[in-house]
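Listing of upload-v1.pdb; format and content: PDB, C-alpha atoms.
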MODEL        1
ATOM      1  CA  MET A  25      90.483-103.664  24.600
ATOM      2  CA  THR A  26      89.529 -99.982  24.574
ATOM      3  CA  ASN A  27      91.999 -97.230  25.208
ATOM      4  CA  VAL A  28      91.326 -93.979  27.079
ATOM      5  CA  THR A  29      91.185 -91.821  23.971
ATOM      6  CA  SER A  30      88.517 -93.813  22.193
ATOM      7  CA  LEU A  31      86.394 -93.951  25.376
ATOM      8  CA  LYS A  32      86.443 -90.193  25.749
ATOM      9  CA  THR A  33      85.574 -89.459  22.148
ATOM     10  CA  SER A  34      82.632 -91.810  22.160
ATOM     11  CA  SER A  35      80.957 -90.402  25.299
ATOM     12  CA  GLU A  36      81.741 -86.645  24.834
ATOM     13  CA  PRO A  37      82.371 -86.158  21.161
ATOM     14  CA  THR A  38      82.696 -82.315  21.028
ATOM     15  CA  THR A  39      83.742 -81.490  24.574
ATOM     16  CA  SER A  40      87.187 -81.074  26.023
ATOM     17  CA  PRO A  41      87.876 -81.261  29.785
ATOM     18  CA  GLY A  42      86.544 -78.172  31.662
ATOM     19  CA  GLU A  43      83.827 -77.303  29.128
ATOM     20  CA  PHE A  44      80.099 -77.976  29.216
ATOM     21  CA  SER A  45      78.402 -80.443  26.968
ATOM     22  CA  PRO A  46      75.880 -78.844  24.596
ATOM     23  CA  ALA A  47      73.031 -80.019  26.826
ATOM     24  CA  GLU A  48      74.668 -78.611  29.955
ATOM     25  CA  ARG A  49      75.494 -75.422  28.142
ATOM     26  CA  GLN A  50      71.900 -74.953  27.034
ATOM     27  CA  LYS A  51      70.647 -75.602  30.552
ATOM     28  CA  PHE A  52      73.135 -73.146  32.025
ATOM     29  CA  ASP A  53      72.300 -70.457  29.455
ATOM     30  CA  GLY A  54      68.613 -70.784  30.240
ATOM     31  CA  TRP A  55      69.281 -70.537  33.971
ATOM     32  CA  PHE A  56      71.612 -67.575  33.534
ATOM     33  CA  ASP A  57      69.224 -65.621  31.309
ATOM     34  CA  ALA A  58      66.333 -66.063  33.744
ATOM     35  CA  ARG A  59      68.502 -65.207  36.750
ATOM     36  CA  PHE A  60      70.015 -62.192  34.996
ATOM     37  CA  GLU A  61      66.591 -60.802  34.099
ATOM     38  CA  GLN A  62      65.402 -61.331  37.673
ATOM     39  CA  LYS A  63      68.475 -59.621  39.153
ATOM     40  CA  MET A  64      68.160 -56.684  36.768
ATOM     41  CA  ARG A  65      64.490 -56.272  37.717
ATOM     42  CA  GLU A  66      65.368 -56.346  41.438
ATOM     43  CA  ARG A  67      68.123 -53.836  40.867
ATOM     44  CA  GLU A  68      65.829 -51.538  38.871
ATOM     45  CA  ALA A  69      63.147 -51.717  41.576
ATOM     46  CA  ALA A  70      65.604 -50.960  44.386
ATOM     47  CA  ARG A  71      67.315 -48.099  42.582
ATOM     48  CA  THR A  72      66.430 -44.485  43.394
ATOM     49  CA  PRO A  73      66.019 -42.422  40.206
ATOM     50  CA  SER A  74      67.886 -39.131  40.096
ATOM     51  CA  MET A  75      67.791 -35.807  38.316
ATOM     52  CA  ALA A  76      70.304 -32.998  37.961
ATOM     53  CA  ILE A  77      69.165 -29.611  36.653
ATOM     54  CA  ILE A  78      71.165 -26.553  35.662
ATOM     55  CA  ALA A  79      69.086 -23.407  36.203
ATOM     56  CA  THR A  80      70.505 -20.454  34.287
ATOM     57  CA  LYS A  81      67.652 -17.955  34.057
ATOM     58  CA  GLY A  82      66.344 -15.531  36.649
ATOM     59  CA  THR A  83      62.989 -14.360  35.316
ATOM     60  CA  ILE A  84      59.642 -15.664  36.599
ATOM     61  CA  ASP A  85      58.796 -17.596  33.433
ATOM     62  CA  TRP A  86      62.136 -19.413  33.559
ATOM     63  CA  ALA A  87      62.018 -19.902  37.328
ATOM     64  CA  TYR A  88      58.991 -22.188  37.193
ATOM     65  CA  PRO A  89      60.351 -25.170  35.218
ATOM     66  CA  PRO A  90      63.288 -26.014  37.506
ATOM     67  CA  PHE A  91      61.249 -25.706  40.706
ATOM     68  CA  ILE A  92      58.161 -27.498  39.338
ATOM     69  CA  LEU A  93      60.242 -30.387  38.026
ATOM     70  CA  ALA A  94      62.467 -30.571  41.101
ATOM     71  CA  SER A  95      59.630 -30.543  43.644
ATOM     72  CA  THR A  96      57.598 -33.065  41.629
ATOM     73  CA  ALA A  97      60.565 -35.379  41.097
ATOM     74  CA  ALA A  98      61.244 -35.267  44.837
ATOM     75  CA  ALA A  99      57.578 -36.170  45.449
ATOM     76  CA  LEU A 100      58.046 -39.160  43.135
ATOM     77  CA  GLY A 101      60.977 -40.251  45.279
ATOM     78  CA  TYR A 102      63.866 -39.065  43.085
ATOM     79  CA  ASP A 103      67.149 -37.658  44.339
ATOM     80  CA  VAL A 104      67.275 -34.147  42.904
ATOM     81  CA  SER A 105      70.031 -31.554  42.610
ATOM     82  CA  ILE A 106      69.822 -28.139  41.004
ATOM     83  CA  PHE A 107      72.916 -26.164  40.082
ATOM     84  CA  PHE A 108      72.133 -22.442  39.870
ATOM     85  CA  THR A 109      74.427 -20.436  37.658
ATOM     86  CA  PHE A 110      74.461 -17.021  36.010
ATOM     87  CA  TYR A 111      71.028 -15.336  36.292
ATOM     88  CA  GLY A 112      69.639 -18.521  37.791
ATOM     89  CA  LEU A 113      71.424 -17.561  40.986
ATOM     90  CA  LYS A 114      68.747 -14.922  41.582
ATOM     91  CA  LEU A 115      66.361 -17.804  42.309
ATOM     92  CA  LEU A 116      68.295 -18.485  45.504
ATOM     93  CA  LYS A 117      68.028 -14.990  46.974
ATOM     94  CA  LYS A 118      66.133 -14.573  50.228
ATOM     95  CA  ASP A 119      64.205 -11.728  48.666
ATOM     96  CA  LEU A 120      62.837 -13.209  45.428
ATOM     97  CA  ASP A 121      62.329 -10.022  43.494
ATOM     98  CA  LEU A 122      61.835 -11.714  40.126
ATOM     99  CA  GLU A 123      60.377 -10.055  37.082
ATOM    100  CA  VAL A 124      59.165 -11.072  33.654
ATOM    101  CA  THR A 125      58.999  -9.110  30.433
ATOM    102  CA  PRO A 126      57.208  -9.560  27.114
ATOM    103  CA  LEU A 127      59.942  -7.443  25.473
ATOM    104  CA  GLY A 128      61.966  -9.731  23.235
ATOM    105  CA  ASN A 129      59.625 -12.493  24.417
ATOM    106  CA  PRO A 130      56.926 -12.480  21.712
ATOM    107  CA  ALA A 131      55.273 -15.738  22.808
ATOM    108  CA  MET A 132      54.324 -14.282  26.189
ATOM    109  CA  PRO A 133      50.598 -13.482  26.233
ATOM    110  CA  MET A 134      49.599 -10.059  27.550
ATOM    111  CA  LYS A 135      46.207 -10.679  29.101
ATOM    112  CA  MET A 136      44.310  -8.854  31.818
ATOM    113  CA  PRO A 137      43.476 -10.861  34.960
ATOM    114  CA  ILE A 138      40.460  -8.602  35.604
ATOM    115  CA  GLY A 139      37.064  -7.951  34.090
ATOM    116  CA  PRO A 140      34.640 -10.218  32.223
ATOM    117  CA  ASP A 141      35.828 -13.361  30.428
ATOM    118  CA  TRP A 142      35.800 -11.875  26.901
ATOM    119  CA  PHE A 143      38.057  -9.084  28.156
ATOM    120  CA  ARG A 144      40.449 -11.505  29.873
ATOM    121  CA  GLN A 145      40.787 -13.483  26.659
ATOM    122  CA  ILE A 146      42.214 -10.533  24.703
ATOM    123  CA  ASP A 147      45.922 -10.924  23.979
ATOM    124  CA  TRP A 148      46.895  -7.255  23.839
ATOM    125  CA  PRO A 149      49.116  -6.489  20.847
ATOM    126  CA  ILE A 150      51.541  -4.077  22.491
ATOM    127  CA  PRO A 151      54.234  -2.708  20.143
ATOM    128  CA  ASN A 152      57.872  -3.113  21.160
ATOM    129  CA  PHE A 153      58.484   0.639  21.320
ATOM    130  CA  VAL A 154      55.798   0.903  23.972
ATOM    131  CA  LYS A 155      57.194  -2.079  25.907
ATOM    132  CA  SER A 156      60.673  -0.568  25.861
ATOM    133  CA  ASN A 157      59.779   3.086  26.502
ATOM    134  CA  LEU A 158      56.929   2.958  28.967
ATOM    135  CA  PRO A 159      58.395   3.384  32.456
ATOM    136  CA  GLY A 160      57.336   0.583  34.807
ATOM    137  CA  PHE A 161      56.216  -1.685  31.963
ATOM    138  CA  GLU A 162      58.098  -4.723  33.316
ATOM    139  CA  ARG A 163      56.696  -4.124  36.794
ATOM    140  CA  MET A 164      53.205  -4.122  35.309
ATOM    141  CA  ALA A 165      53.790  -7.267  33.219
ATOM    142  CA  THR A 166      55.204  -8.964  36.338
ATOM    143  CA  ALA A 167      52.232  -7.962  38.468
ATOM    144  CA  LEU A 168      49.810  -9.221  35.801
ATOM    145  CA  MET A 169      51.508 -12.612  35.533
ATOM    146  CA  LYS A 170      51.692 -13.059  39.309
ATOM    147  CA  ARG A 171      48.023 -12.153  39.677
ATOM    148  CA  THR A 172      46.963 -14.485  36.833
ATOM    149  CA  PHE A 173      48.925 -17.371  38.336
ATOM    150  CA  ARG A 174      47.473 -16.763  41.795
ATOM    151  CA  GLN A 175      43.961 -16.786  40.338
ATOM    152  CA  LYS A 176      44.657 -20.050  38.511
ATOM    153  CA  GLY A 177      45.935 -21.786  41.642
ATOM    154  CA  VAL A 178      49.530 -21.921  40.426
ATOM    155  CA  ALA A 179      52.054 -21.921  43.251
ATOM    156  CA  SER A 180      54.381 -18.955  43.694
ATOM    157  CA  ILE A 181      58.100 -19.450  43.124
ATOM    158  CA  GLU A 182      58.656 -18.904  46.864
ATOM    159  CA  GLU A 183      56.218 -21.722  47.647
ATOM    160  CA  LEU A 184      57.730 -24.138  45.116
ATOM    161  CA  ARG A 185      61.216 -23.377  46.392
ATOM    162  CA  GLU A 186      60.142 -24.023  49.983
ATOM    163  CA  LEU A 187      58.454 -27.282  48.984
ATOM    164  CA  SER A 188      61.583 -28.322  47.077
ATOM    165  CA  VAL A 189      63.843 -27.703  50.058
ATOM    166  CA  GLU A 190      61.408 -29.459  52.366
ATOM    167  CA  ALA A 191      61.355 -32.487  50.023
ATOM    168  CA  GLY A 192      65.140 -32.740  50.129
ATOM    169  CA  VAL A 193      66.065 -31.147  46.799
ATOM    170  CA  LYS A 194      69.721 -30.105  47.002
ATOM    171  CA  LEU A 195      70.387 -26.562  45.814
ATOM    172  CA  TYR A 196      73.917 -25.741  44.662
ATOM    173  CA  ALA A 197      75.093 -22.228  43.888
ATOM    174  CA  CYS A 198      77.761 -21.395  41.335
ATOM    175  CA  GLN A 199      80.696 -19.843  43.187
ATOM    176  CA  MET A 200      82.066 -18.196  40.039
ATOM    177  CA  THR A 201      78.803 -16.334  39.384
ATOM    178  CA  VAL A 202      78.740 -14.987  42.941
ATOM    179  CA  ASP A 203      82.276 -13.662  42.528
ATOM    180  CA  ALA A 204      81.788 -12.367  38.984
ATOM    181  CA  PHE A 205      78.521 -10.543  39.641
ATOM    182  CA  GLY A 206      79.583  -9.348  43.083
ATOM    183  CA  PHE A 207      76.649 -10.952  44.895
ATOM    184  CA  ASP A 208      76.653 -10.984  48.709
ATOM    185  CA  LYS A 209      76.320 -14.434  50.244
ATOM    186  CA  PRO A 210      74.210 -13.160  53.180
ATOM    187  CA  ASP A 211      71.533 -12.197  50.607
ATOM    188  CA  PHE A 212      70.981 -15.879  49.791
ATOM    189  CA  ILE A 213      68.852 -18.461  51.560
ATOM    190  CA  SER A 214      70.571 -20.658  54.118
ATOM    191  CA  ASP A 215      69.382 -23.904  52.479
ATOM    192  CA  ILE A 216      72.141 -23.891  49.862
ATOM    193  CA  ALA A 217      73.878 -27.275  49.906
ATOM    194  CA  GLY A 218      77.147 -25.901  48.569
ATOM    195  CA  TRP A 219      78.918 -23.103  46.709
ATOM    196  CA  VAL A 220      80.570 -25.107  43.993
ATOM    197  CA  GLY A 221      81.835 -25.153  40.418
ATOM    198  CA  ALA A 222      81.449 -27.168  37.234
ATOM    199  CA  ALA A 223      83.763 -29.909  38.481
ATOM    200  CA  SER A 224      81.396 -30.572  41.388
ATOM    201  CA  PHE A 225      78.219 -30.522  39.318
ATOM    202  CA  LEU A 226      79.364 -32.765  36.483
ATOM    203  CA  PRO A 227      79.936 -35.894  38.618
ATOM    204  CA  MET A 228      76.372 -35.444  40.019
ATOM    205  CA  ALA A 229      75.010 -35.116  36.501
ATOM    206  CA  GLN A 230      76.990 -38.122  35.331
ATOM    207  CA  LYS A 231      75.251 -40.339  37.906
ATOM    208  CA  SER A 232      71.798 -38.899  37.162
ATOM    209  CA  ASP A 233      69.083 -40.482  35.050
ATOM    210  CA  ILE A 234      67.771 -37.094  33.965
ATOM    211  CA  THR A 235      69.846 -34.000  33.313
ATOM    212  CA  LEU A 236      68.254 -30.772  32.184
ATOM    213  CA  PHE A 237      69.643 -27.407  31.206
ATOM    214  CA  ILE A 238      67.049 -24.722  31.838
TER     215      ILE A 238
ATOM    216  CA  MET B   7      31.488 -52.046  42.146
ATOM    217  CA  ARG B   8      33.355 -48.788  41.797
ATOM    218  CA  ALA B   9      35.472 -47.724  44.756
ATOM    219  CA  THR B  10      34.339 -44.434  46.260
ATOM    220  CA  ALA B  11      34.767 -42.653  49.554
ATOM    221  CA  GLU B  12      31.568 -44.453  50.629
ATOM    222  CA  THR B  13      32.919 -47.938  49.946
ATOM    223  CA  VAL B  14      36.528 -47.411  51.013
ATOM    224  CA  GLN B  15      37.556 -46.422  54.519
ATOM    225  CA  VAL B  16      39.183 -42.993  54.054
ATOM    226  CA  THR B  17      41.842 -42.102  56.618
ATOM    227  CA  GLN B  18      42.392 -38.498  55.573
ATOM    228  CA  THR B  19      41.040 -36.068  53.009
ATOM    229  CA  LEU B  20      43.050 -33.498  51.078
ATOM    230  CA  ASP B  21      41.100 -30.682  49.456
ATOM    231  CA  ALA B  22      43.190 -29.619  46.451
ATOM    232  CA  LYS B  23      40.353 -27.852  44.652
ATOM    233  CA  GLY B  24      41.497 -24.741  42.775
ATOM    234  CA  LEU B  25      45.159 -25.766  42.952
ATOM    235  CA  ASN B  26      47.149 -26.287  39.781
ATOM    236  CA  CYS B  27      50.055 -28.520  38.773
ATOM    237  CA  PRO B  28      52.150 -29.569  40.626
ATOM    238  CA  LEU B  29      50.547 -28.511  43.922
ATOM    239  CA  PRO B  30      47.962 -31.327  44.231
ATOM    240  CA  ILE B  31      50.748 -33.926  43.844
ATOM    241  CA  LEU B  32      53.112 -32.141  46.234
ATOM    242  CA  LYS B  33      50.432 -31.759  48.887
ATOM    243  CA  ALA B  34      49.307 -35.360  48.427
ATOM    244  CA  LYS B  35      52.874 -36.585  48.815
ATOM    245  CA  LYS B  36      53.179 -34.631  52.058
ATOM    246  CA  ALA B  37      49.887 -35.992  53.375
ATOM    247  CA  ILE B  38      50.820 -39.576  52.455
ATOM    248  CA  SER B  39      54.109 -39.375  54.314
ATOM    249  CA  GLY B  40      52.110 -38.732  57.492
ATOM    250  CA  LEU B  41      49.992 -41.878  57.003
ATOM    251  CA  GLY B  42      50.637 -45.510  57.873
ATOM    252  CA  ALA B  43      50.739 -48.476  55.490
ATOM    253  CA  GLY B  44      47.237 -49.386  54.297
ATOM    254  CA  ASP B  45      45.805 -45.951  55.159
ATOM    255  CA  VAL B  46      43.794 -44.257  52.422
ATOM    256  CA  LEU B  47      44.190 -40.643  51.368
ATOM    257  CA  GLN B  48      41.284 -39.076  49.525
ATOM    258  CA  VAL B  49      42.316 -36.216  47.243
ATOM    259  CA  VAL B  50      39.722 -33.917  45.708
ATOM    260  CA  SER B  51      40.927 -31.710  42.867
ATOM    261  CA  THR B  52      39.691 -29.578  39.988
ATOM    262  CA  ASP B  53      42.848 -29.772  37.868
ATOM    263  CA  PRO B  54      42.076 -31.927  34.780
ATOM    264  CA  GLY B  55      45.786 -32.752  34.497
ATOM    265  CA  SER B  56      45.692 -34.419  37.897
ATOM    266  CA  VAL B  57      43.919 -37.519  36.484
ATOM    267  CA  ALA B  58      46.981 -38.614  34.512
ATOM    268  CA  ASP B  59      49.360 -37.202  37.118
ATOM    269  CA  PHE B  60      47.949 -39.157  40.077
ATOM    270  CA  ALA B  61      47.973 -42.388  38.038
ATOM    271  CA  SER B  62      51.636 -41.770  37.209
ATOM    272  CA  PHE B  63      52.441 -40.704  40.781
ATOM    273  CA  CYS B  64      51.004 -43.947  42.178
ATOM    274  CA  ARG B  65      52.774 -46.114  39.578
ATOM    275  CA  GLN B  66      56.065 -44.452  40.390
ATOM    276  CA  THR B  67      55.771 -44.396  44.175
ATOM    277  CA  GLY B  68      54.262 -47.867  44.532
ATOM    278  CA  ASN B  69      51.150 -46.617  46.323
ATOM    279  CA  GLU B  70      47.847 -48.049  45.118
ATOM    280  CA  LEU B  71      45.396 -45.853  43.254
ATOM    281  CA  ALA B  72      42.269 -47.512  44.652
ATOM    282  CA  ALA B  73      39.969 -45.202  42.713
ATOM    283  CA  SER B  74      39.988 -42.324  40.265
ATOM    284  CA  ASN B  75      36.551 -40.774  39.837
ATOM    285  CA  ALA B  76      35.355 -37.703  37.954
ATOM    286  CA  ALA B  77      32.070 -35.824  38.196
ATOM    287  CA  ASP B  78      31.159 -32.260  37.192
ATOM    288  CA  GLY B  79      34.744 -31.081  36.817
ATOM    289  CA  VAL B  80      35.741 -32.435  40.237
ATOM    290  CA  PHE B  81      38.182 -35.316  40.444
ATOM    291  CA  GLU B  82      38.506 -37.727  43.327
ATOM    292  CA  PHE B  83      41.453 -40.009  43.962
ATOM    293  CA  LEU B  84      41.715 -42.664  46.640
ATOM    294  CA  ILE B  85      45.318 -43.553  47.326
ATOM    295  CA  ARG B  86      46.183 -46.483  49.553
ATOM    296  CA  LYS B  87      49.635 -46.145  51.061
ATOM    297  CA  ALA B  88      51.939 -49.082  50.376
TER     298      ALA B  88
ENDMDL
END
Would you mind writing the file out in structure tokens?
Amino acid sequence: MTNVTSLKTSSEPTTSPGEFSPAERQKFDGWFDARFEQKMREREAARTPSMAIIATKGTIDWAYPPFILASTAAALGYDVSIFFTFYGLKLLKKDLDLEVTPLGNPAMPMKMPIGPDWFRQIDWPIPNFVKSNLPGFERMATALMKRTFRQKGVASIEELRELSVEAGVKLYACQMTVDAFGFDKPDFISDIAGWVGAASFLPMAQKSDITLFI
Amino acid sequence: MRATAETVQVTQTLDAKGLNCPLPILKAKKAISGLGAGDVLQVVSTDPGSVADFASFCRQTGNELAASNAADGVFEFLIRKA
């Protein structure tokens, strides 16, 4: 005569009711791993990448990176938001009167966009006291950079901003900066997605794959 | 045989010569959105950076880079819309 206990121990030596046998367990693990990998791949393929940028600077040289990256990311199919704060808010004005200066900016080349090649290659060593005392020096540096960029087929900031808006990049303006600097809202473009604060930007950034502070 | 505009039926051509990063990509993206699946956009550019950029653009957007040719500082890309 066999009793129930001895029957159970002989057929399933290490398994208690409700658990898998080692063979079943191994089979299930293999199935789960393959299925998990497949699901993760599907999820990755279906997911839209996203980017959140904080733009804090309002000079031409600093205006390019946010708009180049935003417009390109949008072209790649990303969801893109830019939060403009402090001097970055100038990038949202209807009249983009941006400037650039080599003063306190020693890496900026001072080259002439006119004349023969050897002349264009000269990086003019202009002393700081000239940069700071010569009236209209920033205007001149700005005009030179704009002309050089135009000649090299680089888009203007206006163009990149338009392309960004067209591609669905969401532009957010910092409400605090507008109040603090006394800016007038009618001076800004109408494509602004919202006048918001840090508490609105952070949740966007938290969900983003890429976050940049520029 | 290498794919060229002669061997592939080109639907539309985008002349991006003289334009610099990121304009060729942005203009190509715009042109592609006006095409149908299977249509081919031919992009001609002079920006050396566009060779790597168009390869990356196609990988990321799922469109097929049917050809990437270079001759005399001019680059040609044939992009088949997915």
With a cut-off of 8 Å, could you pull out the residues of chain A touching chain B and give me the nearest pair of atoms for each, distance in Å to one decimal, using only C-alpha atoms, ordered by chain and ascending number, as CSV?
residue,atom,partner,partner_atom,distance
A:Ile92,CA,B:Pro28,CA,6.5
A:Ser95,CA,B:Leu32,CA,7.2
A:Thr96,CA,B:Leu32,CA,6.5
A:Ala99,CA,B:Lys35,CA,5.8
A:Leu100,CA,B:Thr67,CA,5.8
A:Gly101,CA,B:Thr67,CA,6.7
A:Lys176,CA,B:Asn26,CA,6.8
A:Gly177,CA,B:Leu25,CA,4.3
A:Val178,CA,B:Asn26,CA,5.0
A:Ala179,CA,B:Leu29,CA,6.8
A:Leu187,CA,B:Leu32,CA,7.7
Suppose we keep C-alpha atoms; can you now write the selection as a PDB file, keeping the file's coordinate frame?
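The resulting file, selection34.pdb, is reproduced below:
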ATOM      1  CA  ILE A  92      58.161 -27.498  39.338  1.00  0.00           C
ATOM      2  CA  SER A  95      59.630 -30.543  43.644  1.00  0.00           C
ATOM      3  CA  THR A  96      57.598 -33.065  41.629  1.00  0.00           C
ATOM      4  CA  ALA A  99      57.578 -36.170  45.449  1.00  0.00           C
ATOM      5  CA  LEU A 100      58.046 -39.160  43.135  1.00  0.00           C
ATOM      6  CA  GLY A 101      60.977 -40.251  45.279  1.00  0.00           C
ATOM      7  CA  LYS A 176      44.657 -20.050  38.511  1.00  0.00           C
ATOM      8  CA  GLY A 177      45.935 -21.786  41.642  1.00  0.00           C
ATOM      9  CA  VAL A 178      49.530 -21.921  40.426  1.00  0.00           C
ATOM     10  CA  ALA A 179      52.054 -21.921  43.251  1.00  0.00           C
ATOM     11  CA  LEU A 187      58.454 -27.282  48.984  1.00  0.00           C
TER      12      LEU A 187
END
Translate the PyMOL selection byres ((chain A and resi 194) around 6), as applied to the file shown, into an explicit residue set as an mmCIF file with C-alpha atoms, keeping the file's coordinate frame.
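Result file is part15.cif:
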data_model
loop_
_atom_site.group_PDB
_atom_site.id
_atom_site.type_symbol
_atom_site.label_atom_id
_atom_site.label_comp_id
_atom_site.auth_asym_id
_atom_site.auth_seq_id
_atom_site.Cartn_x
_atom_site.Cartn_y
_atom_site.Cartn_z
ATOM 1 C CA SER A 105 70.031 -31.554 42.610
ATOM 2 C CA VAL A 193 66.065 -31.147 46.799
ATOM 3 C CA LEU A 195 70.387 -26.562 45.814
ATOM 4 C CA ALA A 217 73.878 -27.275 49.906
#
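Straight-line separation from CA of Ala88 (chain B) to CA of Arg59 (chain A): 26.8 Å.
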Run the PyMOL selection byres ((chain A and resi 210-214) around 8) on the file and write out the hits as a tab-separated table (two decimals) with C-alpha atoms, in the frame of the given file.
chain	number	residue	atom	x	y	z
A	116	LEU	CA	68.30	-18.48	45.50
A	117	LYS	CA	68.03	-14.99	46.97
A	118	LYS	CA	66.13	-14.57	50.23
A	119	ASP	CA	64.20	-11.73	48.67
A	207	PHE	CA	76.65	-10.95	44.90
A	208	ASP	CA	76.65	-10.98	48.71
A	209	LYS	CA	76.32	-14.43	50.24
A	215	ASP	CA	69.38	-23.90	52.48
A	216	ILE	CA	72.14	-23.89	49.86
Quiz item: Smallest atom-to-atom distance to Val14 (chain B): which of B:Leu84, B:Ala58, B:Val50, B:Ile38, using all atoms listed in the file?
Solution: B:Leu84
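Separating CA of Leu184 (chain A) from CA of Ile146 (chain A) is a distance of 29.0 Å.
What the PyMOL selection byres ((chain A and resi 223-235) around 9) grabs from this file is A:Pro73, A:Ser74, A:Met75, A:Ala76, A:Ile77, A:Ile78, A:Asp103, A:Val104, A:Ser105, A:Ile106, A:Phe107, A:Tyr196, A:Val220, A:Gly221, A:Ala222, A:Leu236, A:Phe237.
Among B:Ser39, B:Ser51, B:Thr10, B:Gln18, the residue with the shortest atom-to-atom distance to Leu71 (chain B), counting all atoms listed in the file, is B:Thr10.
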Quiz item: Of the candidates A:Ala98, A:Ala70, A:Ala167, A:Ala58, which one gets nearest to Ala191 (chain A) if we count only C-alpha atoms?
Solution: A:Ala98
